[in-house]
Amino acid sequence: MIEFRYEKANDAASAIRMFACGDRAHYLGGGTNLVDLMRENIERPETVVDVTGLSQTIEAREGGGLLIGAAATNTAVAAHLGVRKGFPVLARAILAGASGQIRNMATVGGNILQRTRCYYFYDEAARCNKRDPGAGCDAIGGFNRIHAILGASPACIATHPSDMCVALAALDATVHLEGAKGARSIKLIDLHRLPGDRPDVETELAPGDLITAVELPPLSYAANSTYRKVHDRASYAFALVSVAAALDVDDRGNVRDVRLALGGVAHKPWRATVAEQEMRGAPASEETFRRAAEAELKDAVGLADNAFKIELAKRVIVNTLQKLTMVPGAGS
Amino acid sequence: MRYTINGKPVQAEVDVRTSLLDLLREHLQLTGTKKGCDQGACGACTVLVDGHRINSCLALAVQYQGSEITTIEGVGSHADLHRLQAAFVEHDGLQCGYCTPGQICSAIGMVAEVEREVPSALTEDLLIETIELSADEIRERMSGNLCRCGAYNGIVDAVHQTFARKTTKIFAKDAAE
């Protein structure tokens, strides 16, 4: 780890000022990813601005939405009654990730901006276009079980590792930002980028942009939502494939509305808009779910070790949606 | 930098790169807390900060100034074992013992989470108020603590004997003792 200057900000304005004044600055949340990356010399900030002192508040918004301060810990969000009651997919996604210790440390803002766990990104001896643009990618011909099947490029096949973000994508969450040019917001699904030929540029954030909060807009049927994660160990492992879903079935048993997002499959949390469109108005049946899953995965590309994830993703989509049709009050 | 460690005020001046784990072990000679992977994967470095369990290897010491930190040295002593430590002995919850301080601190933090009704990945009904600390729940909630000797059955038995079938009220009393 190289030497750095440590600053602690107690509000967004001072954090942004400290970032602007510092050399090669980086915001620091719970540290569960950044401290590890600094120790491995993958991240080399010269100024570290600690933003864990910013808002941790989780408050109800008019109409049934929730506003979550960026410094709220993952545990606090998963344990919050309003989240458990109104947005169970978010509580379940967070609880499916990491360990109790890490969830106690990790913040919402840090979770969103964590880096991929691609082994080659972490290994300074390997070629990686994310670490060293133009160097090449050793994952493509290497061990790529945990890598992307959707939206990858010849430059990068890394996946975004977050579970929480998959739920936020399904819930159409908005991320509130403050930066040198003032406050703005961006949808979570627009915040992360696909790799293209610049996998080192992972988000639409400008240097110094600070995540201050995440807002869940009201969603009438969000209580009928869940998260399903398939991983190589029973607990404490990153997703091979995960599915966040919310389903609204009408009295005739048709899909009135649906939200679907996938994790472990792409460089960003993957909102399955093609599948959603396929399902709206159709019978809430296994056949519909399978057709929607096929449509979403139509352009999926498998590599030597991860082609199994294409069929796996389809099955997990169908299974997760079927579970949501079995809930009392969710149609016939 | 000031801390309260195992109930005592402590002052230390260290490089900002120092992890809380290295502060404890290298600067304060509290070597009960162990360094396993040093990257958040094994849980051997688990300590309690203001009652919450964390991986001290991923924590920069500078971030935790002013906190109350409890390490294994503050949980019990040879002469006066914590009930959970005694249960680990009784149930063979260890072989080499390297992961044990982390397991013990983690279990104490885990029970405090159960008391605060924090659900887990196994919780079927997210609105349930009383969490039954079954063997499966213990395994899920303790999954951040690895044991290379594979003493998991003994660990689960020890945690279960110590903390299961108690009401949340009794958990609270335990934490205060």
# chains A, B, ... in the order shown; residues from 1 in each chain; ligands from 1
$ interface_residues --of "chain A" --to "chain B" --cutoff "7 Å" --atoms "only C-alpha atoms" --output "list in words"
Tyr6, Gly31, Thr32, Val35, Asp36, Ala79, Arg84, Lys85, Arg92, Leu95, Ala96, Ser99, Gly100, Gln101, Ile102, Asn104, Met105, Ser235 and Tyr236 of chain A
$ write_last_selection --atoms "C-alpha atoms" --output "mmCIF file, in the first residue's frame"
data_model
loop_
_atom_site.group_PDB
_atom_site.id
_atom_site.type_symbol
_atom_site.label_atom_id
_atom_site.label_comp_id
_atom_site.auth_asym_id
_atom_site.auth_seq_id
_atom_site.Cartn_x
_atom_site.Cartn_y
_atom_site.Cartn_z
ATOM 1 C CA TYR A 6 -6.407 10.555 5.212
ATOM 2 C CA GLY A 31 -13.231 -0.294 3.168
ATOM 3 C CA THR A 32 -14.143 -3.930 2.540
ATOM 4 C CA VAL A 35 -8.614 -1.352 1.531
ATOM 5 C CA ASP A 36 -8.037 -4.780 -0.002
ATOM 6 C CA ALA A 79 -32.651 -5.128 8.904
ATOM 7 C CA ARG A 84 -38.171 -5.965 4.849
ATOM 8 C CA LYS A 85 -41.864 -5.130 4.550
ATOM 9 C CA ARG A 92 -32.829 -10.681 0.537
ATOM 10 C CA LEU A 95 -28.404 -10.973 2.998
ATOM 11 C CA ALA A 96 -27.381 -13.250 0.112
ATOM 12 C CA SER A 99 -20.605 -12.329 5.452
ATOM 13 C CA GLY A 100 -22.098 -10.873 8.614
ATOM 14 C CA GLN A 101 -18.842 -9.052 9.369
ATOM 15 C CA ILE A 102 -18.586 -7.520 5.897
ATOM 16 C CA ASN A 104 -21.657 -4.648 9.108
ATOM 17 C CA MET A 105 -18.826 -2.632 7.531
ATOM 18 C CA SER A 235 -23.010 -19.125 1.758
ATOM 19 C CA TYR A 236 -20.408 -16.370 1.413
#
$ select_by_dssp --residues "segment 45-238 of chain A" --states "strand (DSSP E)" --output "MDAnalysis selection string"
chainID A and resid 47:50 58:60 66:69 174:179 182:187 210:216 225:231
$ residues_around --residues "Ile211 of chain A" --least-positions-apart "4" --cutoff "7 Å" --atoms "only C-alpha atoms" --output "PDB file with C-alpha atoms, in the first residue's frame"
ATOM      1  CA  ALA A  70     -25.175   6.363   1.200  1.00  0.00           C
ATOM      2  CA  GLY A 109     -22.414   3.854  -1.644  1.00  0.00           C
ATOM      3  CA  VAL A 175     -28.835   7.291  -7.139  1.00  0.00           C
ATOM      4  CA  HIS A 176     -28.416  10.835  -5.799  1.00  0.00           C
ATOM      5  CA  LEU A 177     -25.057  12.450  -6.468  1.00  0.00           C
ATOM      6  CA  GLU A 178     -23.269  15.612  -5.484  1.00  0.00           C
TER       7      GLU A 178
END
$ residues_around --residues "Thr288 of chain A" --least-positions-apart "5" --cutoff "9 Å" --atoms "only C-alpha atoms" --output "list of chain:residue names"
A:Glu278, A:Met279, A:Ala282, A:Pro283, A:Ala293, A:Val318
$ write_last_selection --atoms "N, CA and C atoms" --output "tab-separated table (two decimals), in the first residue's frame"
chain	number	residue	atom	x	y	z
A	278	GLU	N	-41.82	-9.08	-22.72
A	278	GLU	CA	-42.38	-10.35	-23.20
A	278	GLU	C	-43.50	-10.86	-22.26
A	279	MET	N	-43.35	-10.57	-20.98
A	279	MET	CA	-44.29	-11.12	-20.00
A	279	MET	C	-45.53	-10.28	-19.78
A	282	ALA	N	-49.26	-11.32	-20.57
A	282	ALA	CA	-49.31	-12.76	-20.86
A	282	ALA	C	-49.67	-13.53	-19.59
A	283	PRO	N	-50.17	-14.75	-19.75
A	283	PRO	CA	-50.49	-15.56	-18.56
A	283	PRO	C	-49.24	-15.75	-17.68
A	293	ALA	N	-37.46	-15.68	-20.60
A	293	ALA	CA	-36.05	-15.96	-20.27
A	293	ALA	C	-35.25	-16.23	-21.55
A	318	VAL	N	-37.13	-18.59	-14.39
A	318	VAL	CA	-38.43	-19.27	-14.38
A	318	VAL	C	-38.81	-19.66	-12.96
$ residues_around --residues "segment 88-102 of chain B" --least-positions-apart "4" --cutoff "9 Å" --atoms "only C-alpha atoms" --output "NGL selection string"
:B and (32-36 or 42-47 or 55 or 71-73 or 83-84 or 106-107 or 145-159)
$ write_last_selection --atoms "N, CA and C atoms" --output "short mmCIF file (atom, residue, chain, number, x, y, z; two decimals), in the first residue's frame"
data_model
loop_
_atom_site.label_atom_id
_atom_site.label_comp_id
_atom_site.auth_asym_id
_atom_site.auth_seq_id
_atom_site.Cartn_x
_atom_site.Cartn_y
_atom_site.Cartn_z
N GLY B 32 -4.12 -12.00 20.57
CA GLY B 32 -5.21 -12.98 20.53
C GLY B 32 -5.95 -12.94 19.21
N THR B 33 -6.14 -11.75 18.67
CA THR B 33 -6.79 -11.59 17.36
C THR B 33 -5.81 -12.06 16.29
N LYS B 34 -6.26 -12.92 15.39
CA LYS B 34 -5.34 -13.58 14.47
C LYS B 34 -5.42 -13.02 13.05
N LYS B 35 -4.26 -13.08 12.37
CA LYS B 35 -4.20 -12.71 10.96
C LYS B 35 -4.19 -14.00 10.13
N GLY B 36 -5.28 -14.24 9.40
CA GLY B 36 -5.35 -15.42 8.55
C GLY B 36 -5.05 -15.02 7.13
N CYS B 42 -11.47 -14.99 5.66
CA CYS B 42 -11.45 -16.09 6.63
C CYS B 42 -12.06 -15.78 7.98
N GLY B 43 -12.10 -14.51 8.38
CA GLY B 43 -12.75 -14.15 9.64
C GLY B 43 -11.91 -14.35 10.89
N ALA B 44 -10.65 -14.79 10.75
CA ALA B 44 -9.81 -15.02 11.94
C ALA B 44 -9.56 -13.72 12.71
N CYS B 45 -9.69 -12.58 12.02
CA CYS B 45 -9.39 -11.27 12.61
C CYS B 45 -10.62 -10.60 13.20
N THR B 46 -11.74 -11.33 13.32
CA THR B 46 -13.00 -10.71 13.76
C THR B 46 -12.88 -10.12 15.17
N VAL B 47 -13.25 -8.87 15.30
CA VAL B 47 -13.35 -8.21 16.60
C VAL B 47 -14.70 -7.50 16.67
N ASN B 55 -14.37 -7.41 10.27
CA ASN B 55 -13.06 -7.97 9.92
C ASN B 55 -12.02 -6.87 10.16
N THR B 71 -11.72 -7.34 21.94
CA THR B 71 -11.00 -8.46 21.33
C THR B 71 -11.18 -9.69 22.22
N ILE B 72 -10.62 -10.79 21.80
CA ILE B 72 -10.76 -12.02 22.58
C ILE B 72 -10.21 -11.83 24.01
N GLU B 73 -9.20 -10.95 24.16
CA GLU B 73 -8.63 -10.71 25.49
C GLU B 73 -9.67 -10.07 26.42
N ARG B 83 -18.70 -18.24 28.85
CA ARG B 83 -19.48 -19.49 28.69
C ARG B 83 -19.27 -20.10 27.30
N LEU B 84 -19.13 -19.25 26.30
CA LEU B 84 -18.95 -19.76 24.95
C LEU B 84 -17.57 -20.42 24.80
N SER B 106 -17.03 -13.50 16.67
CA SER B 106 -18.07 -13.47 15.65
C SER B 106 -19.39 -13.97 16.22
N ALA B 107 -19.35 -15.06 16.99
CA ALA B 107 -20.58 -15.62 17.55
C ALA B 107 -21.24 -14.64 18.51
N ASN B 145 -16.61 -17.07 8.97
CA ASN B 145 -15.50 -17.60 9.78
C ASN B 145 -15.15 -19.00 9.31
N LEU B 146 -14.01 -19.10 8.65
CA LEU B 146 -13.58 -20.41 8.16
C LEU B 146 -12.74 -21.13 9.20
N CYS B 147 -12.78 -22.47 9.16
CA CYS B 147 -11.97 -23.31 10.04
C CYS B 147 -11.30 -24.36 9.18
N ARG B 148 -9.98 -24.21 8.97
CA ARG B 148 -9.30 -25.15 8.07
C ARG B 148 -9.18 -26.54 8.66
N CYS B 149 -9.30 -26.65 9.99
CA CYS B 149 -9.28 -27.99 10.60
C CYS B 149 -10.64 -28.69 10.40
N GLY B 150 -11.66 -27.91 10.07
CA GLY B 150 -12.97 -28.51 9.87
C GLY B 150 -13.68 -28.87 11.16
N ALA B 151 -13.53 -28.02 12.17
CA ALA B 151 -14.18 -28.30 13.46
C ALA B 151 -15.60 -27.74 13.51
N TYR B 152 -16.20 -27.58 12.32
CA TYR B 152 -17.49 -26.89 12.26
C TYR B 152 -18.57 -27.52 13.13
N ASN B 153 -18.64 -28.86 13.16
CA ASN B 153 -19.72 -29.47 13.95
C ASN B 153 -19.61 -29.09 15.42
N GLY B 154 -18.39 -29.10 15.92
CA GLY B 154 -18.18 -28.73 17.32
C GLY B 154 -18.47 -27.25 17.55
N ILE B 155 -18.10 -26.42 16.58
CA ILE B 155 -18.34 -24.99 16.71
C ILE B 155 -19.85 -24.72 16.77
N VAL B 156 -20.57 -25.35 15.85
CA VAL B 156 -22.03 -25.14 15.81
C VAL B 156 -22.65 -25.64 17.11
N ASP B 157 -22.21 -26.80 17.61
CA ASP B 157 -22.76 -27.33 18.86
C ASP B 157 -22.49 -26.36 20.03
N ALA B 158 -21.27 -25.82 20.06
CA ALA B 158 -20.90 -24.91 21.16
C ALA B 158 -21.74 -23.64 21.12
N VAL B 159 -21.90 -23.08 19.93
CA VAL B 159 -22.69 -21.85 19.80
C VAL B 159 -24.15 -22.14 20.13
#
$ residues_around --residues "Pro269 of chain A" --least-positions-apart "2" --cutoff "7 Å" --atoms "only C-alpha atoms" --output "ChimeraX atom specification"
/A:160,165-166,169,189,262-263,266,271
$ residues_around --residues "segment 65-68 of chain A" --least-positions-apart "5" --cutoff "7 Å" --atoms "only C-alpha atoms" --output "CSV table (one decimal) with C-alpha atoms, in the first residue's frame"
chain,number,residue,atom,x,y,z
A,57,THR,CA,-30.6,7.6,7.6
A,58,ILE,CA,-33.3,5.4,6.0
A,59,GLU,CA,-36.5,7.4,5.7
A,60,ALA,CA,-39.9,6.9,4.2
A,213,ALA,CA,-28.3,8.6,-1.2
A,214,VAL,CA,-30.2,5.9,-3.0
A,215,GLU,CA,-33.9,6.4,-3.5
A,216,LEU,CA,-36.4,3.5,-4.0
A,217,PRO,CA,-39.5,4.9,-5.9
A,218,PRO,CA,-42.9,3.6,-4.8
$ select_by_dssp --residues "segment 251-317 of chain A" --states "alpha helix (DSSP H)" --output "list in words"
Thr273, Val274, Ala275, Glu276, Gln277, Glu278, Met279, Glu286, Glu287, Thr288, Phe289, Arg290, Arg291, Ala292, Ala293, Glu294, Ala295, Glu296, Phe308, Lys309, Ile310, Glu311, Leu312, Ala313, Lys314, Arg315, Val316 and Ile317 of chain A
$ write_last_selection --atoms "C-alpha atoms" --output "tab-separated table (two decimals), in the first residue's frame"
chain	number	residue	atom	x	y	z
A	273	THR	CA	-36.23	-5.32	-20.04
A	274	VAL	CA	-36.69	-7.71	-22.98
A	275	ALA	CA	-38.08	-10.40	-20.69
A	276	GLU	CA	-40.27	-7.89	-18.85
A	277	GLN	CA	-41.82	-6.75	-22.14
A	278	GLU	CA	-42.38	-10.35	-23.20
A	279	MET	CA	-44.29	-11.12	-20.00
A	286	GLU	CA	-44.09	-21.41	-16.66
A	287	GLU	CA	-44.41	-21.23	-20.45
A	288	THR	CA	-44.49	-17.41	-20.44
A	289	PHE	CA	-41.56	-17.20	-18.00
A	290	ARG	CA	-39.51	-19.61	-20.09
A	291	ARG	CA	-40.26	-17.68	-23.29
A	292	ALA	CA	-39.27	-14.42	-21.60
A	293	ALA	CA	-36.05	-15.96	-20.27
A	294	GLU	CA	-35.17	-17.30	-23.74
A	295	ALA	CA	-35.73	-13.84	-25.23
A	296	GLU	CA	-33.55	-12.13	-22.64
A	308	PHE	CA	-23.53	-23.33	-18.36
A	309	LYS	CA	-24.68	-20.00	-16.96
A	310	ILE	CA	-26.89	-19.35	-20.00
A	311	GLU	CA	-29.23	-22.26	-19.27
A	312	LEU	CA	-28.80	-21.74	-15.52
A	313	ALA	CA	-29.95	-18.12	-15.80
A	314	LYS	CA	-33.06	-19.18	-17.73
A	315	ARG	CA	-33.97	-21.80	-15.14
A	316	VAL	CA	-33.40	-19.45	-12.20
A	317	ILE	CA	-35.57	-16.78	-13.86
$ atom_distance --atom1 "atom CA of Pro88 of chain A" --atom2 "atom CA of Ala167 of chain A"
9.3 Å
$ decode --residues "segment 36-82 of chain B" --atoms "N, CA and C atoms" --output "PDB file, in the first residue's frame"
ATOM      1  N   GLY B  36      -5.282 -14.237   9.402  1.00  0.00           N
ATOM      2  CA  GLY B  36      -5.349 -15.423   8.549  1.00  0.00           C
ATOM      3  C   GLY B  36      -5.050 -15.015   7.127  1.00  0.00           C
ATOM      4  N   CYS B  37      -6.076 -14.619   6.383  1.00  0.00           N
ATOM      5  CA  CYS B  37      -5.903 -14.281   4.963  1.00  0.00           C
ATOM      6  C   CYS B  37      -5.511 -12.830   4.749  1.00  0.00           C
ATOM      7  N   ASP B  38      -5.833 -11.962   5.692  1.00  0.00           N
ATOM      8  CA  ASP B  38      -5.585 -10.519   5.572  1.00  0.00           C
ATOM      9  C   ASP B  38      -6.312  -9.913   4.372  1.00  0.00           C
ATOM     10  N   GLN B  39      -7.414 -10.552   3.951  1.00  0.00           N
ATOM     11  CA  GLN B  39      -8.202  -9.973   2.854  1.00  0.00           C
ATOM     12  C   GLN B  39      -9.702 -10.194   3.025  1.00  0.00           C
ATOM     13  N   GLY B  40     -10.134 -10.454   4.249  1.00  0.00           N
ATOM     14  CA  GLY B  40     -11.580 -10.502   4.511  1.00  0.00           C
ATOM     15  C   GLY B  40     -12.258 -11.807   4.172  1.00  0.00           C
ATOM     16  N   ALA B  41     -11.484 -12.835   3.870  1.00  0.00           N
ATOM     17  CA  ALA B  41     -12.109 -14.089   3.453  1.00  0.00           C
ATOM     18  C   ALA B  41     -12.283 -15.089   4.593  1.00  0.00           C
ATOM     19  N   CYS B  42     -11.471 -14.985   5.665  1.00  0.00           N
ATOM     20  CA  CYS B  42     -11.447 -16.093   6.629  1.00  0.00           C
ATOM     21  C   CYS B  42     -12.057 -15.783   7.983  1.00  0.00           C
ATOM     22  N   GLY B  43     -12.101 -14.513   8.377  1.00  0.00           N
ATOM     23  CA  GLY B  43     -12.753 -14.153   9.641  1.00  0.00           C
ATOM     24  C   GLY B  43     -11.909 -14.346  10.885  1.00  0.00           C
ATOM     25  N   ALA B  44     -10.646 -14.793  10.751  1.00  0.00           N
ATOM     26  CA  ALA B  44      -9.808 -15.017  11.936  1.00  0.00           C
ATOM     27  C   ALA B  44      -9.565 -13.718  12.706  1.00  0.00           C
ATOM     28  N   CYS B  45      -9.687 -12.583  12.021  1.00  0.00           N
ATOM     29  CA  CYS B  45      -9.388 -11.272  12.613  1.00  0.00           C
ATOM     30  C   CYS B  45     -10.617 -10.604  13.199  1.00  0.00           C
ATOM     31  N   THR B  46     -11.744 -11.329  13.317  1.00  0.00           N
ATOM     32  CA  THR B  46     -12.995 -10.710  13.759  1.00  0.00           C
ATOM     33  C   THR B  46     -12.878 -10.121  15.166  1.00  0.00           C
ATOM     34  N   VAL B  47     -13.252  -8.865  15.296  1.00  0.00           N
ATOM     35  CA  VAL B  47     -13.349  -8.213  16.603  1.00  0.00           C
ATOM     36  C   VAL B  47     -14.700  -7.500  16.668  1.00  0.00           C
ATOM     37  N   LEU B  48     -15.050  -7.006  17.853  1.00  0.00           N
ATOM     38  CA  LEU B  48     -16.301  -6.271  18.021  1.00  0.00           C
ATOM     39  C   LEU B  48     -15.992  -4.786  18.136  1.00  0.00           C
ATOM     40  N   VAL B  49     -16.656  -3.990  17.315  1.00  0.00           N
ATOM     41  CA  VAL B  49     -16.515  -2.532  17.382  1.00  0.00           C
ATOM     42  C   VAL B  49     -17.875  -1.967  17.750  1.00  0.00           C
ATOM     43  N   ASP B  50     -17.954  -1.333  18.935  1.00  0.00           N
ATOM     44  CA  ASP B  50     -19.236  -0.845  19.462  1.00  0.00           C
ATOM     45  C   ASP B  50     -20.288  -1.962  19.396  1.00  0.00           C
ATOM     46  N   GLY B  51     -19.854  -3.183  19.661  1.00  0.00           N
ATOM     47  CA  GLY B  51     -20.751  -4.335  19.712  1.00  0.00           C
ATOM     48  C   GLY B  51     -20.989  -5.029  18.385  1.00  0.00           C
ATOM     49  N   HIS B  52     -20.505  -4.426  17.272  1.00  0.00           N
ATOM     50  CA  HIS B  52     -20.713  -5.018  15.949  1.00  0.00           C
ATOM     51  C   HIS B  52     -19.460  -5.770  15.510  1.00  0.00           C
ATOM     52  N   ARG B  53     -19.656  -6.980  14.984  1.00  0.00           N
ATOM     53  CA  ARG B  53     -18.487  -7.755  14.535  1.00  0.00           C
ATOM     54  C   ARG B  53     -18.016  -7.237  13.175  1.00  0.00           C
ATOM     55  N   ILE B  54     -16.709  -7.088  13.039  1.00  0.00           N
ATOM     56  CA  ILE B  54     -16.129  -6.674  11.755  1.00  0.00           C
ATOM     57  C   ILE B  54     -14.843  -7.458  11.504  1.00  0.00           C
ATOM     58  N   ASN B  55     -14.367  -7.406  10.265  1.00  0.00           N
ATOM     59  CA  ASN B  55     -13.057  -7.966   9.918  1.00  0.00           C
ATOM     60  C   ASN B  55     -12.020  -6.870  10.158  1.00  0.00           C
ATOM     61  N   SER B  56     -11.191  -7.030  11.191  1.00  0.00           N
ATOM     62  CA  SER B  56     -10.255  -5.951  11.519  1.00  0.00           C
ATOM     63  C   SER B  56      -9.153  -5.817  10.464  1.00  0.00           C
ATOM     64  N   CYS B  57      -8.964  -6.836   9.614  1.00  0.00           N
ATOM     65  CA  CYS B  57      -7.942  -6.735   8.564  1.00  0.00           C
ATOM     66  C   CYS B  57      -8.344  -5.763   7.461  1.00  0.00           C
ATOM     67  N   LEU B  58      -9.664  -5.584   7.264  1.00  0.00           N
ATOM     68  CA  LEU B  58     -10.150  -4.683   6.215  1.00  0.00           C
ATOM     69  C   LEU B  58     -10.437  -3.287   6.762  1.00  0.00           C
ATOM     70  N   ALA B  59     -10.159  -3.103   8.054  1.00  0.00           N
ATOM     71  CA  ALA B  59     -10.468  -1.827   8.697  1.00  0.00           C
ATOM     72  C   ALA B  59      -9.187  -1.024   8.857  1.00  0.00           C
ATOM     73  N   LEU B  60      -9.161   0.188   8.335  1.00  0.00           N
ATOM     74  CA  LEU B  60      -8.038   1.068   8.635  1.00  0.00           C
ATOM     75  C   LEU B  60      -8.236   1.559  10.069  1.00  0.00           C
ATOM     76  N   ALA B  61      -7.207   1.436  10.895  1.00  0.00           N
ATOM     77  CA  ALA B  61      -7.329   1.820  12.311  1.00  0.00           C
ATOM     78  C   ALA B  61      -7.815   3.261  12.445  1.00  0.00           C
ATOM     79  N   VAL B  62      -7.352   4.116  11.541  1.00  0.00           N
ATOM     80  CA  VAL B  62      -7.678   5.542  11.624  1.00  0.00           C
ATOM     81  C   VAL B  62      -9.184   5.784  11.506  1.00  0.00           C
ATOM     82  N   GLN B  63      -9.890   4.881  10.812  1.00  0.00           N
ATOM     83  CA  GLN B  63     -11.341   5.042  10.641  1.00  0.00           C
ATOM     84  C   GLN B  63     -12.115   4.751  11.921  1.00  0.00           C
ATOM     85  N   TYR B  64     -11.492   4.077  12.854  1.00  0.00           N
ATOM     86  CA  TYR B  64     -12.223   3.611  14.038  1.00  0.00           C
ATOM     87  C   TYR B  64     -11.839   4.352  15.308  1.00  0.00           C
ATOM     88  N   GLN B  65     -11.215   5.528  15.144  1.00  0.00           N
ATOM     89  CA  GLN B  65     -10.870   6.346  16.310  1.00  0.00           C
ATOM     90  C   GLN B  65     -12.126   6.628  17.128  1.00  0.00           C
ATOM     91  N   GLY B  66     -11.977   6.562  18.455  1.00  0.00           N
ATOM     92  CA  GLY B  66     -13.106   6.874  19.328  1.00  0.00           C
ATOM     93  C   GLY B  66     -14.030   5.690  19.581  1.00  0.00           C
ATOM     94  N   SER B  67     -13.769   4.544  18.902  1.00  0.00           N
ATOM     95  CA  SER B  67     -14.656   3.392  19.056  1.00  0.00           C
ATOM     96  C   SER B  67     -14.295   2.559  20.285  1.00  0.00           C
ATOM     97  N   GLU B  68     -15.276   1.770  20.709  1.00  0.00           N
ATOM     98  CA  GLU B  68     -15.034   0.774  21.763  1.00  0.00           C
ATOM     99  C   GLU B  68     -14.787  -0.555  21.082  1.00  0.00           C
ATOM    100  N   ILE B  69     -13.602  -1.083  21.286  1.00  0.00           N
ATOM    101  CA  ILE B  69     -13.213  -2.321  20.608  1.00  0.00           C
ATOM    102  C   ILE B  69     -13.069  -3.439  21.632  1.00  0.00           C
ATOM    103  N   THR B  70     -13.668  -4.583  21.317  1.00  0.00           N
ATOM    104  CA  THR B  70     -13.526  -5.752  22.184  1.00  0.00           C
ATOM    105  C   THR B  70     -12.829  -6.848  21.395  1.00  0.00           C
ATOM    106  N   THR B  71     -11.717  -7.341  21.936  1.00  0.00           N
ATOM    107  CA  THR B  71     -10.998  -8.458  21.325  1.00  0.00           C
ATOM    108  C   THR B  71     -11.180  -9.686  22.223  1.00  0.00           C
ATOM    109  N   ILE B  72     -10.617 -10.792  21.802  1.00  0.00           N
ATOM    110  CA  ILE B  72     -10.757 -12.025  22.585  1.00  0.00           C
ATOM    111  C   ILE B  72     -10.214 -11.831  24.006  1.00  0.00           C
ATOM    112  N   GLU B  73      -9.200 -10.947  24.158  1.00  0.00           N
ATOM    113  CA  GLU B  73      -8.632 -10.713  25.493  1.00  0.00           C
ATOM    114  C   GLU B  73      -9.667 -10.067  26.421  1.00  0.00           C
ATOM    115  N   GLY B  74     -10.662  -9.394  25.824  1.00  0.00           N
ATOM    116  CA  GLY B  74     -11.702  -8.748  26.628  1.00  0.00           C
ATOM    117  C   GLY B  74     -12.923  -9.627  26.840  1.00  0.00           C
ATOM    118  N   VAL B  75     -12.938 -10.788  26.184  1.00  0.00           N
ATOM    119  CA  VAL B  75     -14.102 -11.679  26.293  1.00  0.00           C
ATOM    120  C   VAL B  75     -13.974 -12.583  27.518  1.00  0.00           C
ATOM    121  N   GLY B  76     -12.784 -13.118  27.721  1.00  0.00           N
ATOM    122  CA  GLY B  76     -12.577 -14.017  28.856  1.00  0.00           C
ATOM    123  C   GLY B  76     -11.093 -14.223  29.077  1.00  0.00           C
ATOM    124  N   SER B  77     -10.738 -14.894  30.167  1.00  0.00           N
ATOM    125  CA  SER B  77      -9.329 -15.181  30.451  1.00  0.00           C
ATOM    126  C   SER B  77      -9.200 -16.654  30.818  1.00  0.00           C
ATOM    127  N   HIS B  78      -7.967 -17.146  30.910  1.00  0.00           N
ATOM    128  CA  HIS B  78      -7.754 -18.551  31.294  1.00  0.00           C
ATOM    129  C   HIS B  78      -8.458 -18.868  32.601  1.00  0.00           C
ATOM    130  N   ALA B  79      -8.388 -17.922  33.536  1.00  0.00           N
ATOM    131  CA  ALA B  79      -8.977 -18.163  34.859  1.00  0.00           C
ATOM    132  C   ALA B  79     -10.490 -17.987  34.842  1.00  0.00           C
ATOM    133  N   ASP B  80     -10.981 -17.233  33.878  1.00  0.00           N
ATOM    134  CA  ASP B  80     -12.405 -16.896  33.883  1.00  0.00           C
ATOM    135  C   ASP B  80     -12.939 -16.936  32.454  1.00  0.00           C
ATOM    136  N   LEU B  81     -13.167 -18.159  31.956  1.00  0.00           N
ATOM    137  CA  LEU B  81     -13.623 -18.324  30.576  1.00  0.00           C
ATOM    138  C   LEU B  81     -15.044 -17.811  30.404  1.00  0.00           C
ATOM    139  N   HIS B  82     -15.296 -17.220  29.245  1.00  0.00           N
ATOM    140  CA  HIS B  82     -16.661 -16.894  28.844  1.00  0.00           C
ATOM    141  C   HIS B  82     -17.398 -18.224  28.643  1.00  0.00           C
TER     142      HIS B  82
END
